[in-house]
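Next comes run.txt, with compact mmCIF, C-alpha atoms and all ligand atoms.
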# COMPACT_ATOMS: atom_id res chain seq x y z
CA MET A 1255 29.11 317.45 -155.98
CA GLU A 1256 26.03 317.01 -153.80
CA ARG A 1257 25.09 319.78 -151.44
CA VAL A 1258 23.46 317.41 -148.95
CA ILE A 1259 23.72 313.65 -148.65
CA ILE A 1260 21.46 312.03 -146.07
CA ILE A 1261 22.43 308.57 -144.86
CA GLY A 1262 19.34 306.74 -143.61
CA SER A 1263 15.65 306.78 -144.42
CA GLY A 1264 13.77 306.48 -141.15
CA PRO A 1265 11.77 309.40 -139.71
CA ALA A 1266 14.97 311.41 -139.09
CA GLY A 1267 16.49 310.92 -142.54
CA LEU A 1268 13.28 311.50 -144.47
CA THR A 1269 12.28 314.57 -142.44
CA ALA A 1270 15.75 315.97 -143.10
CA ALA A 1271 15.11 315.18 -146.78
CA ILE A 1272 11.76 317.03 -146.76
CA TYR A 1273 13.31 320.12 -145.18
CA ALA A 1274 16.45 320.06 -147.33
CA ALA A 1275 14.37 319.54 -150.48
CA ARG A 1276 12.09 322.44 -149.60
CA ALA A 1277 15.21 324.57 -149.12
CA ASN A 1278 16.07 323.74 -152.78
CA LEU A 1279 19.10 321.68 -151.81
CA ALA A 1280 18.01 318.64 -153.88
CA PRO A 1281 19.22 316.19 -151.22
CA LEU A 1282 20.41 312.72 -152.10
CA VAL A 1283 19.12 310.14 -149.63
CA LEU A 1284 21.12 306.92 -149.40
CA ALA A 1285 18.25 304.97 -147.95
CA GLY A 1286 19.81 301.57 -147.37
CA GLY A 1287 18.77 298.29 -148.99
CA LEU A 1288 16.20 297.84 -146.22
CA TYR A 1289 14.89 301.38 -146.35
CA GLY A 1290 12.45 303.06 -143.98
CA GLY A 1291 14.08 302.32 -140.63
CA GLN A 1292 12.58 300.61 -137.64
CA LEU A 1293 8.98 301.63 -138.33
CA MET A 1294 9.06 299.24 -141.28
CA LEU A 1295 9.26 296.48 -138.68
CA THR A 1296 6.50 297.73 -136.44
CA THR A 1297 2.75 297.41 -136.41
CA GLU A 1298 0.40 300.15 -135.36
CA VAL A 1299 1.92 303.51 -134.44
CA GLU A 1300 -0.47 305.18 -132.03
CA ASN A 1301 1.61 308.07 -130.78
CA TYR A 1302 2.57 309.86 -133.98
CA PRO A 1303 0.64 313.14 -134.01
CA GLY A 1304 -1.79 313.67 -136.86
CA PHE A 1305 -3.08 310.10 -136.98
CA PRO A 1306 -5.80 309.91 -134.32
CA GLU A 1307 -6.80 306.39 -135.37
CA GLY A 1308 -3.15 305.22 -135.52
CA ILE A 1309 -1.26 304.22 -138.65
CA MET A 1310 0.78 301.16 -139.60
CA GLY A 1311 4.54 301.84 -139.40
CA PRO A 1312 5.31 300.96 -143.05
CA ASP A 1313 2.39 303.12 -144.28
CA LEU A 1314 3.72 306.06 -142.28
CA MET A 1315 7.17 305.65 -143.79
CA MET A 1316 5.75 305.49 -147.33
CA LYS A 1317 4.07 308.82 -146.64
CA PHE A 1318 7.36 310.33 -145.42
CA ARG A 1319 9.06 309.05 -148.56
CA GLU A 1320 6.38 310.34 -150.95
CA GLN A 1321 6.51 313.74 -149.25
CA ALA A 1322 10.32 313.95 -149.57
CA GLU A 1323 10.19 312.90 -153.25
CA ARG A 1324 7.42 315.37 -154.00
CA PHE A 1325 9.81 318.21 -153.15
CA GLY A 1326 12.73 316.83 -155.15
CA ALA A 1327 14.65 314.53 -152.81
CA ARG A 1328 16.38 311.74 -154.73
CA ILE A 1329 16.23 308.44 -152.89
CA VAL A 1330 18.59 305.57 -153.67
CA ASN A 1331 18.00 302.24 -151.93
CA ALA A 1332 21.69 301.49 -151.41
CA ASP A 1333 23.75 300.74 -148.32
CA VAL A 1334 26.65 303.03 -147.54
CA SER A 1335 29.84 300.97 -147.35
CA ALA A 1336 32.34 303.65 -146.26
CA VAL A 1337 32.72 307.34 -145.50
CA GLU A 1338 35.78 309.58 -145.81
CA PHE A 1339 35.32 312.66 -143.67
CA ASP A 1340 38.97 313.62 -143.10
CA ALA A 1341 39.07 316.13 -145.98
CA LYS A 1342 36.69 318.21 -148.09
CA PRO A 1343 34.70 317.35 -150.10
CA LEU A 1344 33.16 314.74 -147.85
CA VAL A 1345 33.04 311.33 -149.53
CA VAL A 1346 30.34 308.70 -149.13
CA ARG A 1347 30.69 305.34 -150.87
CA THR A 1348 28.21 302.62 -151.67
CA LEU A 1349 29.27 299.34 -153.28
CA ASP A 1350 28.70 300.80 -156.75
CA GLU A 1351 29.18 304.55 -156.41
CA ARG A 1352 31.40 307.22 -154.90
CA TYR A 1353 29.61 310.43 -153.96
CA GLU A 1354 31.10 313.80 -152.97
CA ALA A 1355 29.19 316.20 -150.77
CA LYS A 1356 29.45 319.54 -149.02
CA THR A 1357 27.36 318.32 -146.10
CA VAL A 1358 26.25 314.93 -144.82
CA ILE A 1359 23.43 314.21 -142.41
CA VAL A 1360 23.89 310.90 -140.59
CA ALA A 1361 20.53 309.35 -139.70
CA THR A 1362 21.39 305.66 -139.58
CA GLY A 1363 19.18 304.88 -136.59
CA ALA A 1364 19.50 301.88 -134.34
CA SER A 1365 18.95 298.12 -134.66
CA ALA A 1366 17.20 295.60 -132.48
CA ARG A 1367 19.38 293.89 -129.87
CA TRP A 1368 19.67 290.14 -129.47
CA LEU A 1369 20.04 288.17 -126.26
CA ASP A 1370 23.26 286.50 -127.44
CA VAL A 1371 22.46 283.13 -125.91
CA PRO A 1372 23.12 279.66 -127.37
CA GLY A 1373 20.59 278.60 -130.00
CA GLU A 1374 19.30 282.11 -130.67
CA GLU A 1375 21.20 282.73 -133.88
CA MET A 1376 20.77 279.19 -135.21
CA LEU A 1377 16.99 279.37 -134.71
CA ARG A 1378 16.46 282.85 -136.18
CA GLY A 1379 13.66 282.53 -138.70
CA ARG A 1380 12.79 279.13 -137.20
CA GLY A 1381 11.05 280.40 -134.11
CA VAL A 1382 13.28 283.29 -133.07
CA SER A 1383 12.57 286.81 -134.30
CA THR A 1384 12.73 290.50 -133.36
CA CYS A 1385 9.77 291.45 -135.52
CA ALA A 1386 6.23 290.49 -134.58
CA THR A 1387 4.78 292.22 -137.65
CA CYS A 1388 7.00 290.20 -139.93
CA ASP A 1389 6.79 286.82 -138.25
CA GLY A 1390 3.83 286.78 -135.84
CA ALA A 1391 1.43 285.19 -138.32
CA PHE A 1392 3.62 282.07 -138.50
CA PHE A 1393 2.64 281.22 -134.93
CA ARG A 1394 -1.12 280.88 -135.04
CA ASP A 1395 -2.45 279.01 -131.99
CA LYS A 1396 1.09 278.57 -130.68
CA HIS A 1397 2.69 279.47 -127.37
CA ILE A 1398 4.76 282.58 -127.95
CA VAL A 1399 7.35 284.12 -125.62
CA VAL A 1400 8.40 287.77 -125.65
CA ALA A 1401 11.65 288.68 -123.87
CA GLY A 1402 11.90 292.22 -122.46
CA GLY A 1403 10.11 294.61 -120.15
CA GLY A 1404 9.91 297.87 -122.10
CA ASP A 1405 7.25 299.39 -124.35
CA SER A 1406 8.48 297.37 -127.31
CA ALA A 1407 8.01 294.12 -125.42
CA MET A 1408 4.46 295.12 -124.38
CA GLU A 1409 3.62 296.21 -127.91
CA GLU A 1410 4.95 292.98 -129.39
CA ALA A 1411 3.13 290.88 -126.79
CA LEU A 1412 -0.17 292.65 -127.42
CA PHE A 1413 0.19 292.31 -131.17
CA LEU A 1414 1.10 288.63 -130.89
CA THR A 1415 -2.14 287.87 -129.01
CA ARG A 1416 -3.80 288.13 -132.44
CA PHE A 1417 -2.03 284.92 -133.41
CA GLY A 1418 -0.81 282.95 -130.41
CA ARG A 1419 -3.02 280.96 -128.08
CA LYS A 1420 -0.89 282.28 -125.24
CA VAL A 1421 1.86 284.89 -124.92
CA THR A 1422 4.36 284.78 -122.05
CA VAL A 1423 6.45 287.86 -121.32
CA ILE A 1424 9.78 287.02 -119.70
CA HIS A 1425 11.43 289.89 -117.88
CA ARG A 1426 14.69 289.90 -115.96
CA ARG A 1427 13.36 292.06 -113.11
CA GLU A 1428 10.06 292.23 -111.26
CA ALA A 1429 9.11 295.71 -112.44
CA LEU A 1430 8.42 296.66 -116.03
CA ARG A 1431 10.25 299.51 -117.72
CA ALA A 1432 7.26 300.05 -120.03
CA SER A 1433 4.99 303.10 -119.74
CA LYS A 1434 2.02 302.58 -117.46
CA ILE A 1435 -0.56 302.60 -120.25
CA MET A 1436 1.24 299.85 -122.20
CA ALA A 1437 2.02 297.83 -119.07
CA ASP A 1438 -1.60 298.02 -117.89
CA ARG A 1439 -2.88 296.94 -121.28
CA ALA A 1440 -0.56 293.94 -121.41
CA MET A 1441 -1.23 292.92 -117.81
CA ALA A 1442 -4.99 293.09 -118.35
CA HIS A 1443 -4.89 290.94 -121.48
CA PRO A 1444 -6.31 287.46 -120.85
CA LYS A 1445 -3.85 285.78 -123.25
CA ILE A 1446 -0.71 287.36 -121.71
CA ASP A 1447 1.10 286.12 -118.63
CA PHE A 1448 4.43 287.14 -117.11
CA LEU A 1449 7.49 285.36 -115.79
CA TRP A 1450 9.37 287.76 -113.52
CA ASN A 1451 13.03 287.79 -112.49
CA THR A 1452 13.71 285.35 -115.26
CA VAL A 1453 16.33 285.26 -117.99
CA VAL A 1454 16.58 283.17 -121.12
CA GLU A 1455 19.81 281.17 -121.03
CA ALA A 1456 19.35 279.19 -124.23
CA VAL A 1457 16.94 278.66 -127.08
CA LEU A 1458 16.18 274.97 -127.56
CA GLY A 1459 15.16 272.93 -130.58
CA ASP A 1460 16.48 271.64 -133.90
CA PRO A 1461 15.54 272.32 -136.66
CA VAL A 1462 12.83 274.57 -135.15
CA MET A 1463 12.47 276.12 -131.72
CA THR A 1464 10.70 273.94 -129.17
CA GLY A 1465 11.48 275.72 -125.92
CA LEU A 1466 13.78 277.81 -123.77
CA ARG A 1467 16.22 277.15 -120.96
CA LEU A 1468 15.23 279.63 -118.25
CA HIS A 1469 16.92 280.82 -115.08
CA ASN A 1470 14.99 282.29 -112.18
CA ARG A 1471 17.31 284.90 -110.68
CA VAL A 1472 15.56 284.89 -107.30
CA ASP A 1473 15.35 281.21 -106.37
CA GLY A 1474 18.26 280.23 -108.64
CA SER A 1475 16.30 277.50 -110.41
CA ARG A 1476 17.02 276.49 -114.00
CA TYR A 1477 14.41 274.71 -116.06
CA ASP A 1478 13.22 273.99 -119.61
CA PHE A 1479 10.12 275.82 -120.74
CA ASP A 1480 8.05 274.68 -123.74
CA ALA A 1481 7.33 277.38 -126.30
CA ASP A 1482 7.10 277.64 -130.08
CA ALA A 1483 8.48 281.12 -130.68
CA LEU A 1484 10.65 283.76 -129.05
CA PHE A 1485 10.34 287.44 -129.91
CA VAL A 1486 13.28 289.40 -128.54
CA ALA A 1487 12.34 292.98 -127.61
CA ILE A 1488 15.17 294.22 -125.40
CA GLY A 1489 16.04 297.56 -126.96
CA HIS A 1490 18.40 298.73 -129.64
CA THR A 1491 22.02 299.37 -130.58
CA PRO A 1492 22.91 302.51 -132.56
CA ASN A 1493 24.09 301.88 -136.13
CA THR A 1494 27.50 303.49 -135.94
CA ALA A 1495 29.90 300.86 -137.33
CA LEU A 1496 30.59 303.06 -140.39
CA PHE A 1497 31.63 305.97 -138.20
CA GLU A 1498 33.96 304.34 -135.68
CA GLY A 1499 37.21 306.30 -135.59
CA VAL A 1500 35.60 308.98 -137.81
CA LEU A 1501 32.92 310.56 -135.64
CA ASP A 1502 33.05 310.95 -131.88
CA LEU A 1503 30.85 308.39 -130.12
CA ASN A 1504 29.67 308.58 -126.51
CA ALA A 1505 30.12 305.85 -123.91
CA ALA A 1506 26.92 304.09 -125.01
CA GLY A 1507 28.13 304.07 -128.64
CA TYR A 1508 25.80 306.79 -129.93
CA ILE A 1509 27.16 309.61 -132.12
CA ASP A 1510 28.11 312.48 -129.89
CA SER A 1511 26.77 315.92 -130.59
CA PRO A 1512 27.25 318.95 -128.34
CA ASP A 1513 24.13 320.69 -129.65
CA GLY A 1514 22.04 317.81 -131.01
CA THR A 1515 22.93 318.27 -134.69
CA SER A 1516 26.63 318.99 -135.22
CA THR A 1517 29.43 316.40 -134.91
CA ASN A 1518 33.18 316.68 -134.47
CA VAL A 1519 33.50 316.94 -138.29
CA GLU A 1520 32.51 320.26 -139.82
CA GLY A 1521 29.73 319.81 -142.35
CA VAL A 1522 28.62 316.46 -140.90
CA PHE A 1523 25.39 316.56 -138.94
CA VAL A 1524 23.50 313.87 -137.05
CA ALA A 1525 19.81 313.20 -136.46
CA GLY A 1526 17.57 310.60 -134.88
CA ASP A 1527 18.10 307.41 -132.89
CA VAL A 1528 21.79 307.14 -133.79
CA ASN A 1529 22.29 310.15 -131.49
CA ASP A 1530 19.38 309.63 -129.11
CA VAL A 1531 20.12 307.60 -125.99
CA ARG A 1532 16.95 308.68 -124.30
CA TYR A 1533 13.79 309.30 -126.30
CA LYS A 1534 13.99 307.16 -129.48
CA GLN A 1535 10.56 308.09 -130.75
CA ALA A 1536 9.52 308.55 -134.37
CA ILE A 1537 8.42 312.08 -133.56
CA THR A 1538 11.67 313.02 -131.80
CA ALA A 1539 13.65 311.52 -134.68
CA ALA A 1540 11.56 313.53 -137.17
CA GLY A 1541 12.17 316.70 -135.13
CA ALA A 1542 15.88 315.97 -135.07
CA GLY A 1543 15.88 315.48 -138.86
CA CYS A 1544 14.26 318.89 -139.28
CA ARG A 1545 16.89 320.52 -137.04
CA ALA A 1546 19.80 318.82 -138.81
CA ALA A 1547 18.53 319.90 -142.24
CA MET A 1548 18.09 323.50 -141.07
CA ASP A 1549 21.58 323.55 -139.57
CA ALA A 1550 23.07 321.97 -142.70
CA GLU A 1551 21.34 324.66 -144.77
CA LYS A 1552 22.77 327.44 -142.57
CA TYR A 1553 26.23 325.88 -142.79
CA LEU A 1554 25.98 325.66 -146.60
CA GLU A 1555 24.78 329.24 -146.82
CA ALA A 1556 27.74 330.49 -144.80
CA MET A 1557 30.19 328.28 -146.72
CA GLU A 1558 28.86 329.29 -150.15
CA PHE A 1559 28.75 332.97 -149.15
CA ALA A 1560 32.39 332.79 -148.01
CA VAL A 1561 33.43 331.22 -151.32
CA ALA A 1562 31.42 333.76 -153.37
CA SER A 1563 32.92 336.74 -151.58
CA ARG A 1564 36.50 335.55 -151.93
P1 LIG B 1 13.83 299.84 -123.50
O1 LIG B 1 12.86 300.83 -122.99
O2 LIG B 1 15.29 300.12 -123.41
O3 LIG B 1 13.53 298.46 -122.76
C1 LIG B 1 14.34 297.34 -122.95
C2 LIG B 1 13.86 296.23 -122.04
O4 LIG B 1 14.61 295.05 -122.31
C3 LIG B 1 14.04 296.57 -120.57
O5 LIG B 1 12.95 296.11 -119.83
C4 LIG B 1 15.33 295.82 -120.21
O6 LIG B 1 15.35 295.35 -118.88
C5 LIG B 1 15.26 294.62 -121.12
N1 LIG B 1 16.60 294.14 -121.47
C6 LIG B 1 17.63 294.84 -121.99
N2 LIG B 1 18.69 294.05 -122.23
C7 LIG B 1 18.31 292.82 -121.82
C8 LIG B 1 18.97 291.57 -121.83
N3 LIG B 1 20.21 291.41 -122.30
N4 LIG B 1 18.30 290.51 -121.36
C9 LIG B 1 17.03 290.63 -120.90
N5 LIG B 1 16.34 291.78 -120.89
C10 LIG B 1 16.99 292.87 -121.35
O7 LIG B 1 13.60 299.51 -125.05
P2 LIG B 1 12.23 299.47 -125.89
O8 LIG B 1 11.17 298.75 -125.18
O9 LIG B 1 12.65 299.01 -127.22
O10 LIG B 1 11.79 301.00 -125.98
C11 LIG B 1 12.69 301.98 -126.50
C12 LIG B 1 11.99 303.35 -126.53
O11 LIG B 1 10.93 303.34 -127.50
C13 LIG B 1 11.36 303.71 -125.20
O12 LIG B 1 11.52 305.07 -125.00
C14 LIG B 1 9.90 303.37 -125.41
O13 LIG B 1 9.03 304.14 -124.60
C15 LIG B 1 9.70 303.67 -126.88
N6 LIG B 1 8.59 302.85 -127.45
C16 LIG B 1 7.31 303.35 -127.41
C17 LIG B 1 6.24 302.60 -127.91
C18 LIG B 1 4.85 303.16 -127.85
O14 LIG B 1 4.64 304.20 -127.26
N7 LIG B 1 3.87 302.52 -128.47
C19 LIG B 1 6.48 301.33 -128.43
C20 LIG B 1 7.79 300.84 -128.45
C21 LIG B 1 8.84 301.60 -127.94
P3 LIG B 1 15.49 296.38 -117.66
O15 LIG B 1 14.14 297.02 -117.52
O16 LIG B 1 15.85 295.49 -116.52
O17 LIG B 1 16.57 297.33 -118.05

Starting from the file, lay out its structure as structure tokens.
Ligand code: NAP
Amino acid sequence: MERVIIIGSGPAGLTAAIYAARANLAPLVLAGGLYGGQLMLTTEVENYPGFPEGIMGPDLMMKFREQAERFGARIVNADVSAVEFDAKPLVVRTLDERYEAKTVIVATGASARWLDVPGEEMLRGRGVSTCATCDGAFFRDKHIVVAGGGDSAMEEALFLTRFGRKVTVIHRREALRASKIMADRAMAHPKIDFLWNTVVEAVLGDPVMTGLRLHNRVDGSRYDFDADALFVAIGHTPNTALFEGVLDLNAAGYIDSPDGTSTNVEGVFVAGDVNDVRYKQAITAAGAGCRAAMDAEKYLEAMEFAVASR
């Protein structure tokens, strides 16, 4: 019987692991086949405190992981396939194993959203991507499009200027959602231009992307636009499929928590982007992981004390 199982290995999951390990709980982290969370798919992280020069996302996550392991966290790179939270002990299954636990911390994060337009899925990996770090280098001297108007879109566009001869940001409104510093940087970049009030209606090309079908929402025009790559950066969806019907979700699909760590199931805690509609930062996820581990520890203490004094 595990005392703490942590599902997820982004900043929330691994910070929970560091705190739980340092509380001598020997946590088991089910890290997922693609461990490390969204920072594994990002480039330079400039806003994580303690790294004044910035740090690459994957390097930061390796440091989190090393720190958790140093204190005795056990990390298994397996995907969770099912959970059974209707009775105690709590049960977490992977394809190969069945684990029992007194507490579970859910830190499954969120995943990049797609536009869901014709051609997008067929051309994934052949021009269409959500990860500039992974795929940007394939488009040297090409015309690259980034869809979205938030910080992620600005970050992707700026990063892609290292490769593309030109980067066009396509945004559905005429005002960016991005923070001023990121927006100013992108707008000032000589390789970046913007198409406002414009949506992508289809991705064109076969077998590789050659362009986009665009729709201008102000003048109503529809036209084909030549481009070699499309990076979709339109936000994220929380990874909650495992918990539907098991944990309470809010209207936006995030795991509901009245106090930021507990869920509707006693002994099951939540941390990070899977519960965070608003902030979604590595540092807020890490803080949430710390809180969830401390609350899980308190819960275990009370539970084990009650059993011992029976
Ligand atoms: P976001 O802030 O939610 O922005 C998503 C953008 O995509 C918005 O501009 C939105 O348009 C657009 N969009 C959403 N659905 C769309 C659709 N179906 N079709 C076309 N456009 C669509 O998401 P994010 O940029 O991923 O950022 C998430 C959080 O992470 C934010 O808090 C951000 O500050 C943070 N972040 C920070 C950094 C950094 O500091 N370096 C980097 C990346 C992310 P509307 O504006 O019209 O809604």

Between A:Ala1546, A:Ala1322, A:Ala1336, A:Leu1554, single out the one closest to A:Tyr1353, counting all atoms listed in the file. A:Ala1336

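For the set A:Pro1444, A:Gly1489, A:Gly1287, A:Pro1306, the residue with the smallest atom-to-atom gap to ligand LIG 1 (chain B) is A:Gly1489, counting only C-alpha atoms and all ligand atoms.
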
To check your reading of the model: which residues sit at most 7 Å from ligand LIG 1 (chain B) when counting all atoms listed in the file? Write the answer as a PyMOL selection string. chain A and resi 1299-1301+1369+1401-1407+1409+1425-1427+1430-1433+1453+1487-1490+1532-1535

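Among A:Asp1447, A:Glu1351, A:Glu1410, A:Asp1482, the residue with the shortest atom-to-atom distance to A:Gly1381, counting only C-alpha atoms, is A:Asp1482.
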
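Closest to A:Glu1338 among A:Ala1547, A:Ala1505, A:Val1358, A:Ala1266 is A:Val1358, based on all atoms listed in the file.
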
Here atom CA of A:Pro1281 and atom CA of A:Gly1326 stand apart by 7.6 Å
